[in-house]
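The structure file work_11.cif is reproduced below (mmCIF, N, CA and C atoms).
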```cif
data_final
loop_
_atom_site.group_PDB
_atom_site.id
_atom_site.type_symbol
_atom_site.label_atom_id
_atom_site.label_comp_id
_atom_site.auth_asym_id
_atom_site.auth_seq_id
_atom_site.Cartn_x
_atom_site.Cartn_y
_atom_site.Cartn_z
ATOM 1 N N ALA T 24 65.286 122.502 95.993
ATOM 2 C CA ALA T 24 66.382 122.889 96.850
ATOM 3 C C ALA T 24 67.569 123.382 96.050
ATOM 4 N N GLY T 25 67.757 122.891 94.792
ATOM 5 C CA GLY T 25 68.857 123.323 93.957
ATOM 6 C C GLY T 25 70.199 122.757 94.364
ATOM 7 N N GLU T 26 70.220 121.740 95.209
ATOM 8 C CA GLU T 26 71.459 121.147 95.683
ATOM 9 C C GLU T 26 71.698 119.807 95.012
ATOM 10 N N THR T 27 72.963 119.416 94.962
ATOM 11 C CA THR T 27 73.335 118.132 94.383
ATOM 12 C C THR T 27 74.201 117.382 95.381
ATOM 13 N N LEU T 28 73.896 116.107 95.575
ATOM 14 C CA LEU T 28 74.657 115.234 96.472
ATOM 15 C C LEU T 28 75.311 114.133 95.652
ATOM 16 N N LEU T 29 76.610 113.953 95.854
ATOM 17 C CA LEU T 29 77.343 112.857 95.234
ATOM 18 C C LEU T 29 77.453 111.735 96.252
ATOM 19 N N ILE T 30 76.968 110.548 95.881
ATOM 20 C CA ILE T 30 76.975 109.388 96.773
ATOM 21 C C ILE T 30 77.897 108.333 96.183
ATOM 22 N N GLN T 31 78.958 108.017 96.908
ATOM 23 C CA GLN T 31 79.907 106.982 96.487
ATOM 24 C C GLN T 31 79.505 105.680 97.142
ATOM 25 N N GLY T 32 78.960 104.761 96.365
ATOM 26 C CA GLY T 32 78.555 103.458 96.885
ATOM 27 C C GLY T 32 77.048 103.292 96.876
ATOM 28 N N ALA T 33 76.568 102.265 96.188
ATOM 29 C CA ALA T 33 75.130 102.016 96.068
ATOM 30 C C ALA T 33 74.709 100.786 96.861
ATOM 31 N N GLY T 34 75.351 100.586 98.011
ATOM 32 C CA GLY T 34 74.915 99.536 98.924
ATOM 33 C C GLY T 34 73.768 100.067 99.775
ATOM 34 N N SER T 35 73.488 99.402 100.867
ATOM 35 C CA SER T 35 72.339 99.779 101.688
ATOM 36 C C SER T 35 72.425 101.213 102.190
ATOM 37 N N MET T 36 73.600 101.647 102.650
ATOM 38 C CA MET T 36 73.734 103.016 103.157
ATOM 39 C C MET T 36 73.614 104.043 102.036
ATOM 40 N N GLY T 37 74.192 103.742 100.883
ATOM 41 C CA GLY T 37 74.086 104.649 99.749
ATOM 42 C C GLY T 37 72.658 104.789 99.257
ATOM 43 N N LEU T 38 71.933 103.666 99.231
ATOM 44 C CA LEU T 38 70.528 103.708 98.810
ATOM 45 C C LEU T 38 69.699 104.515 99.801
ATOM 46 N N TYR T 39 69.982 104.344 101.078
ATOM 47 C CA TYR T 39 69.279 105.109 102.113
ATOM 48 C C TYR T 39 69.564 106.599 101.944
ATOM 49 N N ALA T 40 70.832 106.951 101.724
ATOM 50 C CA ALA T 40 71.192 108.353 101.514
ATOM 51 C C ALA T 40 70.490 108.914 100.285
ATOM 52 N N CYS T 41 70.412 108.123 99.243
ATOM 53 C CA CYS T 41 69.740 108.548 98.012
ATOM 54 C C CYS T 41 68.260 108.810 98.259
ATOM 55 N N ALA T 42 67.605 107.889 98.942
ATOM 56 C CA ALA T 42 66.172 108.036 99.213
ATOM 57 C C ALA T 42 65.882 109.270 100.064
ATOM 58 N N ILE T 43 66.694 109.505 101.089
ATOM 59 C CA ILE T 43 66.491 110.668 101.957
ATOM 60 C C ILE T 43 66.741 111.952 101.177
ATOM 61 N N ALA T 44 67.808 111.975 100.383
ATOM 62 C CA ALA T 44 68.112 113.168 99.588
ATOM 63 C C ALA T 44 66.974 113.477 98.619
ATOM 64 N N LYS T 45 66.448 112.446 97.968
ATOM 65 C CA LYS T 45 65.338 112.664 97.031
ATOM 66 C C LYS T 45 64.107 113.200 97.764
ATOM 67 N N GLU T 46 63.869 112.689 98.969
ATOM 68 C CA GLU T 46 62.737 113.160 99.781
ATOM 69 C C GLU T 46 62.865 114.653 100.073
ATOM 70 N N LYS T 47 64.119 115.132 100.169
ATOM 71 C CA LYS T 47 64.391 116.543 100.459
ATOM 72 C C LYS T 47 64.512 117.390 99.197
ATOM 73 N N GLY T 48 64.341 116.768 98.032
ATOM 74 C CA GLY T 48 64.401 117.519 96.784
ATOM 75 C C GLY T 48 65.797 117.744 96.237
ATOM 76 N N VAL T 49 66.758 116.961 96.699
ATOM 77 C CA VAL T 49 68.147 117.098 96.278
ATOM 78 C C VAL T 49 68.398 116.235 95.042
ATOM 79 N N THR T 50 69.139 116.759 94.081
ATOM 80 C CA THR T 50 69.569 115.991 92.919
ATOM 81 C C THR T 50 70.681 115.054 93.364
ATOM 82 N N THR T 51 70.631 113.796 92.933
ATOM 83 C CA THR T 51 71.612 112.821 93.376
ATOM 84 C C THR T 51 72.403 112.234 92.210
ATOM 85 N N ILE T 52 73.695 112.048 92.477
ATOM 86 C CA ILE T 52 74.598 111.354 91.562
ATOM 87 C C ILE T 52 75.163 110.182 92.360
ATOM 88 N N VAL T 53 74.973 108.969 91.870
ATOM 89 C CA VAL T 53 75.449 107.785 92.574
ATOM 90 C C VAL T 53 76.541 107.119 91.752
ATOM 91 N N ILE T 54 77.662 106.811 92.438
ATOM 92 C CA ILE T 54 78.792 106.141 91.797
ATOM 93 C C ILE T 54 78.972 104.764 92.433
ATOM 94 N N ASP T 55 79.123 103.743 91.596
ATOM 95 C CA ASP T 55 79.393 102.390 92.073
ATOM 96 C C ASP T 55 80.030 101.625 90.918
ATOM 97 N N SER T 56 80.588 100.464 91.215
ATOM 98 C CA SER T 56 81.196 99.644 90.164
ATOM 99 C C SER T 56 80.349 98.438 89.781
ATOM 100 N N VAL T 57 79.199 98.278 90.426
ATOM 101 C CA VAL T 57 78.331 97.126 90.156
ATOM 102 C C VAL T 57 77.053 97.624 89.468
ATOM 103 N N ALA T 58 76.876 97.222 88.213
ATOM 104 C CA ALA T 58 75.751 97.704 87.413
ATOM 105 C C ALA T 58 74.402 97.418 88.068
ATOM 106 N N GLU T 59 74.265 96.242 88.650
ATOM 107 C CA GLU T 59 72.988 95.885 89.267
ATOM 108 C C GLU T 59 72.657 96.817 90.443
ATOM 109 N N ARG T 60 73.674 97.186 91.210
ATOM 110 C CA ARG T 60 73.453 98.106 92.337
ATOM 111 C C ARG T 60 73.074 99.490 91.836
ATOM 112 N N LEU T 61 73.654 99.892 90.722
ATOM 113 C CA LEU T 61 73.293 101.192 90.149
ATOM 114 C C LEU T 61 71.839 101.199 89.690
ATOM 115 N N GLU T 62 71.379 100.088 89.145
ATOM 116 C CA GLU T 62 69.972 100.018 88.729
ATOM 117 C C GLU T 62 69.036 100.110 89.937
ATOM 118 N N VAL T 63 69.429 99.496 91.043
ATOM 119 C CA VAL T 63 68.625 99.622 92.262
ATOM 120 C C VAL T 63 68.642 101.073 92.736
ATOM 121 N N ALA T 64 69.791 101.736 92.612
ATOM 122 C CA ALA T 64 69.873 103.154 92.987
ATOM 123 C C ALA T 64 68.901 103.982 92.151
ATOM 124 N N ARG T 65 68.776 103.648 90.884
ATOM 125 C CA ARG T 65 67.813 104.354 90.021
ATOM 126 C C ARG T 65 66.395 104.160 90.577
ATOM 127 N N GLU T 66 66.087 102.928 91.024
ATOM 128 C CA GLU T 66 64.769 102.660 91.606
ATOM 129 C C GLU T 66 64.550 103.457 92.891
ATOM 130 N N PHE T 67 65.639 103.779 93.592
ATOM 131 C CA PHE T 67 65.553 104.575 94.806
ATOM 132 C C PHE T 67 65.543 106.071 94.510
ATOM 133 N N GLY T 68 65.557 106.428 93.221
ATOM 134 C CA GLY T 68 65.410 107.830 92.845
ATOM 135 C C GLY T 68 66.658 108.530 92.365
ATOM 136 N N ALA T 69 67.770 107.814 92.208
ATOM 137 C CA ALA T 69 68.998 108.463 91.745
ATOM 138 C C ALA T 69 68.751 109.172 90.417
ATOM 139 N N ASP T 70 69.218 110.398 90.337
ATOM 140 C CA ASP T 70 69.046 111.176 89.108
ATOM 141 C C ASP T 70 70.096 110.815 88.060
ATOM 142 N N HIS T 71 71.319 110.563 88.527
ATOM 143 C CA HIS T 71 72.429 110.253 87.620
ATOM 144 C C HIS T 71 73.227 109.092 88.194
ATOM 145 N N LEU T 72 73.700 108.227 87.303
ATOM 146 C CA LEU T 72 74.494 107.072 87.698
ATOM 147 C C LEU T 72 75.837 107.116 86.992
ATOM 148 N N ILE T 73 76.892 106.807 87.723
ATOM 149 C CA ILE T 73 78.223 106.702 87.127
ATOM 150 C C ILE T 73 78.773 105.329 87.493
ATOM 151 N N ASN T 74 79.085 104.548 86.471
ATOM 152 C CA ASN T 74 79.646 103.221 86.692
ATOM 153 C C ASN T 74 81.170 103.336 86.702
ATOM 154 N N MET T 75 81.787 103.000 87.827
ATOM 155 C CA MET T 75 83.234 103.089 87.960
ATOM 156 C C MET T 75 83.962 102.162 86.995
ATOM 157 N N THR T 76 83.298 101.114 86.552
ATOM 158 C CA THR T 76 83.911 100.203 85.590
ATOM 159 C C THR T 76 84.125 100.920 84.255
ATOM 160 N N ASP T 77 83.185 101.783 83.896
ATOM 161 C CA ASP T 77 83.300 102.545 82.652
ATOM 162 C C ASP T 77 84.304 103.685 82.773
ATOM 163 N N LEU T 78 84.468 104.213 83.985
ATOM 164 C CA LEU T 78 85.375 105.334 84.235
ATOM 165 C C LEU T 78 86.314 104.971 85.385
ATOM 166 N N PRO T 79 87.320 104.128 85.131
ATOM 167 C CA PRO T 79 88.167 103.650 86.225
ATOM 168 C C PRO T 79 89.081 104.723 86.822
ATOM 169 N N GLN T 80 89.362 105.775 86.094
ATOM 170 C CA GLN T 80 90.232 106.832 86.601
ATOM 171 C C GLN T 80 89.420 107.900 87.339
ATOM 172 N N MET T 81 89.894 108.293 88.514
ATOM 173 C CA MET T 81 89.172 109.289 89.295
ATOM 174 C C MET T 81 88.993 110.593 88.513
ATOM 175 N N ALA T 82 89.988 110.983 87.757
ATOM 176 C CA ALA T 82 89.890 112.221 86.979
ATOM 177 C C ALA T 82 88.721 112.156 85.999
ATOM 178 N N ASP T 83 88.481 110.981 85.428
ATOM 179 C CA ASP T 83 87.356 110.819 84.501
ATOM 180 C C ASP T 83 86.017 110.907 85.239
ATOM 181 N N ARG T 84 85.963 110.345 86.442
ATOM 182 C CA ARG T 84 84.730 110.438 87.231
ATOM 183 C C ARG T 84 84.482 111.877 87.661
ATOM 184 N N GLU T 85 85.540 112.579 88.042
ATOM 185 C CA GLU T 85 85.404 113.991 88.403
ATOM 186 C C GLU T 85 84.882 114.796 87.222
ATOM 187 N N ALA T 86 85.402 114.520 86.036
ATOM 188 C CA ALA T 86 84.940 115.210 84.832
ATOM 189 C C ALA T 86 83.473 114.903 84.558
ATOM 190 N N ALA T 87 83.071 113.656 84.769
ATOM 191 C CA ALA T 87 81.666 113.286 84.560
ATOM 192 C C ALA T 87 80.759 114.031 85.532
ATOM 193 N N VAL T 88 81.168 114.124 86.796
ATOM 194 C CA VAL T 88 80.367 114.850 87.793
ATOM 195 C C VAL T 88 80.270 116.321 87.406
ATOM 196 N N LYS T 89 81.383 116.907 86.990
ATOM 197 C CA LYS T 89 81.347 118.312 86.578
ATOM 198 C C LYS T 89 80.450 118.511 85.357
ATOM 199 N N ALA T 90 80.468 117.557 84.428
ATOM 200 C CA ALA T 90 79.601 117.641 83.245
ATOM 201 C C ALA T 90 78.124 117.599 83.653
ATOM 202 N N LEU T 91 77.818 116.776 84.657
ATOM 203 C CA LEU T 91 76.431 116.656 85.119
ATOM 204 C C LEU T 91 75.962 117.867 85.921
ATOM 205 N N THR T 92 76.912 118.650 86.421
ATOM 206 C CA THR T 92 76.558 119.785 87.278
ATOM 207 C C THR T 92 76.913 121.129 86.652
ATOM 208 N N GLY T 93 77.057 121.148 85.343
ATOM 209 C CA GLY T 93 77.362 122.405 84.673
ATOM 210 C C GLY T 93 78.715 122.987 85.057
ATOM 211 N N GLY T 94 79.668 122.109 85.374
ATOM 212 C CA GLY T 94 81.009 122.543 85.716
ATOM 213 C C GLY T 94 81.224 122.878 87.180
ATOM 214 N N ARG T 95 80.180 122.842 87.975
ATOM 215 C CA ARG T 95 80.284 123.230 89.392
ATOM 216 C C ARG T 95 80.824 122.132 90.288
ATOM 217 N N GLY T 96 80.583 120.894 89.954
ATOM 218 C CA GLY T 96 80.904 119.817 90.885
ATOM 219 C C GLY T 96 79.845 119.785 91.988
ATOM 220 N N THR T 97 80.135 119.100 93.061
ATOM 221 C CA THR T 97 79.166 119.003 94.158
ATOM 222 C C THR T 97 79.829 119.363 95.480
ATOM 223 N N PRO T 98 79.243 120.285 96.216
ATOM 224 C CA PRO T 98 79.794 120.604 97.538
ATOM 225 C C PRO T 98 79.468 119.522 98.559
ATOM 226 N N TRP T 99 78.481 118.686 98.266
ATOM 227 C CA TRP T 99 78.023 117.661 99.201
ATOM 228 C C TRP T 99 78.367 116.290 98.663
ATOM 229 N N ARG T 100 79.134 115.534 99.453
ATOM 230 C CA ARG T 100 79.529 114.183 99.069
ATOM 231 C C ARG T 100 79.314 113.262 100.257
ATOM 232 N N ARG T 101 78.925 112.053 99.961
ATOM 233 C CA ARG T 101 78.714 111.073 101.023
ATOM 234 C C ARG T 101 79.314 109.757 100.573
ATOM 235 N N GLY T 102 80.337 109.314 101.284
ATOM 236 C CA GLY T 102 80.927 108.010 101.000
ATOM 237 C C GLY T 102 80.150 106.942 101.743
ATOM 238 N N CYS T 103 79.627 105.989 101.039
ATOM 239 C CA CYS T 103 78.822 104.925 101.652
ATOM 240 C C CYS T 103 79.395 103.575 101.243
ATOM 241 N N THR T 104 80.629 103.342 101.641
ATOM 242 C CA THR T 104 81.285 102.087 101.315
ATOM 243 C C THR T 104 81.752 101.429 102.601
ATOM 244 N N THR T 105 82.054 100.162 102.511
ATOM 245 C CA THR T 105 82.541 99.412 103.668
ATOM 246 C C THR T 105 83.901 98.841 103.327
ATOM 247 N N TRP T 106 84.809 98.985 104.249
ATOM 248 C CA TRP T 106 86.114 98.365 104.106
ATOM 249 C C TRP T 106 86.257 97.348 105.212
ATOM 250 N N LEU T 107 86.495 96.127 104.845
ATOM 251 C CA LEU T 107 86.632 95.050 105.822
ATOM 252 C C LEU T 107 88.103 94.674 105.929
ATOM 253 N N PRO T 108 88.789 95.111 106.978
ATOM 254 C CA PRO T 108 90.230 94.842 107.055
ATOM 255 C C PRO T 108 90.580 93.369 107.074
ATOM 256 N N TRP T 109 89.690 92.527 107.561
ATOM 257 C CA TRP T 109 89.981 91.099 107.621
ATOM 258 C C TRP T 109 89.695 90.393 106.295
ATOM 259 N N ALA T 110 89.128 91.108 105.323
ATOM 260 C CA ALA T 110 88.795 90.499 104.041
ATOM 261 C C ALA T 110 89.964 90.534 103.062
ATOM 262 N N GLY T 111 91.071 91.151 103.448
ATOM 263 C CA GLY T 111 92.213 91.236 102.551
ATOM 264 C C GLY T 111 92.077 92.416 101.608
ATOM 265 N N THR T 112 92.975 92.492 100.668
ATOM 266 C CA THR T 112 92.955 93.611 99.716
ATOM 267 C C THR T 112 92.628 93.146 98.335
#
```
For the file at hand, write its structure as structure tokens.
Amino acid sequence: AGETLLIQGAGSMGLYACAIAKEKGVTTIVIDSVAERLEVAREFGADHLINMTDLPQMADREAAVKALTGGRGTPWRRGCTTWLPWAGT
């Protein structure tokens, strides 16, 4: 397909998005801050993993994505995170 999908979050929804994208032949980049979740994403077919702990600044993550895509970035992004307002900040 020649397309790349950036998936923010390697929880259940992110893993599902990764698996579906791989089924369609899409290259996937998964970003998360939990190393164990990133390893599960790899098992679900993620092509590239970015650990937010290693790159805490958004500009650094953007640069990493551009490096992985030959400077193009990704037109397709999917945020797969949960925010629980009652859980505090």
If you count only N, CA and C atoms, which residues fall within 8 Å of Leu72 of chain T, apart from same-chain ones fewer than 5 positions away, as a list of chain:residue names?
T:Thr51, T:Ile52, T:Val53, T:Ile54, T:Asp55, T:Leu61, T:Glu62, T:Ala64, T:Arg65
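Distance-wise, atom N of Gly94 of chain T and atom CA of Ile30 of chain T end up 17.3 Å apart.
Distance annotation: of T:Leu91, T:Asp83, T:Ser56, T:Pro98, the residue with the minimal separation from Gln31 of chain T is T:Ser56; atom set is only C-alpha atoms.
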Taking the backbone alone, and naming residues the way the document does, which bits of chain T are helix (DSSP H, G or I) by DSSP, as an NGL selection string?
:T and (35-46 or 58-66 or 81-91 or 108-110)
For segment 24-35 of chain T, what centre and edge lengths in Å (one decimal) does the axis-aligned box get once 5 Å is added on each side of all its listed atoms, as AutoDock Vina command-line options?
```
--center_x 72.6 --center_y 111.4 --center_z 98.1 --size_x 24.6 --size_y 34.0 --size_z 18.2
```
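Distances here use all atoms listed in the file; by that measure, the residue among T:Met36, T:Leu29, T:Val88, T:Ala42 closest to Ala69 of chain T is T:Ala42.
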Residue members of the PyMOL selection byres ((chain T and resi 75) around 6.5) in the file shown, as a PyMOL selection string:
chain T and resi 54-57+73-74+76-79
Generate the coordinates of N, CA, C and O atoms for segment 65-84 of chain T; report them as a PDB file, keeping the file's coordinate frame.
```
ATOM      1  N   ARG T  65      68.776 103.648  90.884  1.00  0.00           N
ATOM      2  CA  ARG T  65      67.813 104.354  90.021  1.00  0.00           C
ATOM      3  C   ARG T  65      66.395 104.160  90.577  1.00  0.00           C
ATOM      4  O   ARG T  65      65.609 105.091  90.627  1.00  0.00           O
ATOM      5  N   GLU T  66      66.087 102.928  91.024  1.00  0.00           N
ATOM      6  CA  GLU T  66      64.769 102.660  91.606  1.00  0.00           C
ATOM      7  C   GLU T  66      64.550 103.457  92.891  1.00  0.00           C
ATOM      8  O   GLU T  66      63.417 103.777  93.239  1.00  0.00           O
ATOM      9  N   PHE T  67      65.639 103.779  93.592  1.00  0.00           N
ATOM     10  CA  PHE T  67      65.553 104.575  94.806  1.00  0.00           C
ATOM     11  C   PHE T  67      65.543 106.071  94.510  1.00  0.00           C
ATOM     12  O   PHE T  67      65.550 106.878  95.424  1.00  0.00           O
ATOM     13  N   GLY T  68      65.557 106.428  93.221  1.00  0.00           N
ATOM     14  CA  GLY T  68      65.410 107.830  92.845  1.00  0.00           C
ATOM     15  C   GLY T  68      66.658 108.530  92.365  1.00  0.00           C
ATOM     16  O   GLY T  68      66.632 109.745  92.146  1.00  0.00           O
ATOM     17  N   ALA T  69      67.770 107.814  92.208  1.00  0.00           N
ATOM     18  CA  ALA T  69      68.998 108.463  91.745  1.00  0.00           C
ATOM     19  C   ALA T  69      68.751 109.172  90.417  1.00  0.00           C
ATOM     20  O   ALA T  69      68.139 108.616  89.508  1.00  0.00           O
ATOM     21  N   ASP T  70      69.218 110.398  90.337  1.00  0.00           N
ATOM     22  CA  ASP T  70      69.046 111.176  89.108  1.00  0.00           C
ATOM     23  C   ASP T  70      70.096 110.815  88.060  1.00  0.00           C
ATOM     24  O   ASP T  70      69.806 110.795  86.869  1.00  0.00           O
ATOM     25  N   HIS T  71      71.319 110.563  88.527  1.00  0.00           N
ATOM     26  CA  HIS T  71      72.429 110.253  87.620  1.00  0.00           C
ATOM     27  C   HIS T  71      73.227 109.092  88.194  1.00  0.00           C
ATOM     28  O   HIS T  71      73.410 108.999  89.405  1.00  0.00           O
ATOM     29  N   LEU T  72      73.700 108.227  87.303  1.00  0.00           N
ATOM     30  CA  LEU T  72      74.494 107.072  87.698  1.00  0.00           C
ATOM     31  C   LEU T  72      75.837 107.116  86.992  1.00  0.00           C
ATOM     32  O   LEU T  72      75.898 107.428  85.799  1.00  0.00           O
ATOM     33  N   ILE T  73      76.892 106.807  87.723  1.00  0.00           N
ATOM     34  CA  ILE T  73      78.223 106.702  87.127  1.00  0.00           C
ATOM     35  C   ILE T  73      78.773 105.329  87.493  1.00  0.00           C
ATOM     36  O   ILE T  73      78.895 105.001  88.676  1.00  0.00           O
ATOM     37  N   ASN T  74      79.085 104.548  86.471  1.00  0.00           N
ATOM     38  CA  ASN T  74      79.646 103.221  86.692  1.00  0.00           C
ATOM     39  C   ASN T  74      81.170 103.336  86.702  1.00  0.00           C
ATOM     40  O   ASN T  74      81.777 103.738  85.702  1.00  0.00           O
ATOM     41  N   MET T  75      81.787 103.000  87.827  1.00  0.00           N
ATOM     42  CA  MET T  75      83.234 103.089  87.960  1.00  0.00           C
ATOM     43  C   MET T  75      83.962 102.162  86.995  1.00  0.00           C
ATOM     44  O   MET T  75      85.113 102.417  86.654  1.00  0.00           O
ATOM     45  N   THR T  76      83.298 101.114  86.552  1.00  0.00           N
ATOM     46  CA  THR T  76      83.911 100.203  85.590  1.00  0.00           C
ATOM     47  C   THR T  76      84.125 100.920  84.255  1.00  0.00           C
ATOM     48  O   THR T  76      85.128 100.703  83.582  1.00  0.00           O
ATOM     49  N   ASP T  77      83.185 101.783  83.896  1.00  0.00           N
ATOM     50  CA  ASP T  77      83.300 102.545  82.652  1.00  0.00           C
ATOM     51  C   ASP T  77      84.304 103.685  82.773  1.00  0.00           C
ATOM     52  O   ASP T  77      84.881 104.112  81.769  1.00  0.00           O
ATOM     53  N   LEU T  78      84.468 104.213  83.985  1.00  0.00           N
ATOM     54  CA  LEU T  78      85.375 105.334  84.235  1.00  0.00           C
ATOM     55  C   LEU T  78      86.314 104.971  85.385  1.00  0.00           C
ATOM     56  O   LEU T  78      86.153 105.453  86.508  1.00  0.00           O
ATOM     57  N   PRO T  79      87.320 104.128  85.131  1.00  0.00           N
ATOM     58  CA  PRO T  79      88.167 103.650  86.225  1.00  0.00           C
ATOM     59  C   PRO T  79      89.081 104.723  86.822  1.00  0.00           C
ATOM     60  O   PRO T  79      89.513 104.594  87.968  1.00  0.00           O
ATOM     61  N   GLN T  80      89.362 105.775  86.094  1.00  0.00           N
ATOM     62  CA  GLN T  80      90.232 106.832  86.601  1.00  0.00           C
ATOM     63  C   GLN T  80      89.420 107.900  87.339  1.00  0.00           C
ATOM     64  O   GLN T  80      88.393 108.362  86.841  1.00  0.00           O
ATOM     65  N   MET T  81      89.894 108.293  88.514  1.00  0.00           N
ATOM     66  CA  MET T  81      89.172 109.289  89.295  1.00  0.00           C
ATOM     67  C   MET T  81      88.993 110.593  88.513  1.00  0.00           C
ATOM     68  O   MET T  81      87.940 111.228  88.592  1.00  0.00           O
ATOM     69  N   ALA T  82      89.988 110.983  87.757  1.00  0.00           N
ATOM     70  CA  ALA T  82      89.890 112.221  86.979  1.00  0.00           C
ATOM     71  C   ALA T  82      88.721 112.156  85.999  1.00  0.00           C
ATOM     72  O   ALA T  82      88.031 113.165  85.782  1.00  0.00           O
ATOM     73  N   ASP T  83      88.481 110.981  85.428  1.00  0.00           N
ATOM     74  CA  ASP T  83      87.356 110.819  84.501  1.00  0.00           C
ATOM     75  C   ASP T  83      86.017 110.907  85.239  1.00  0.00           C
ATOM     76  O   ASP T  83      85.057 111.482  84.729  1.00  0.00           O
ATOM     77  N   ARG T  84      85.963 110.345  86.442  1.00  0.00           N
ATOM     78  CA  ARG T  84      84.730 110.438  87.231  1.00  0.00           C
ATOM     79  C   ARG T  84      84.482 111.877  87.661  1.00  0.00           C
ATOM     80  O   ARG T  84      83.345 112.359  87.633  1.00  0.00           O
TER      81      ARG T  84
END
```
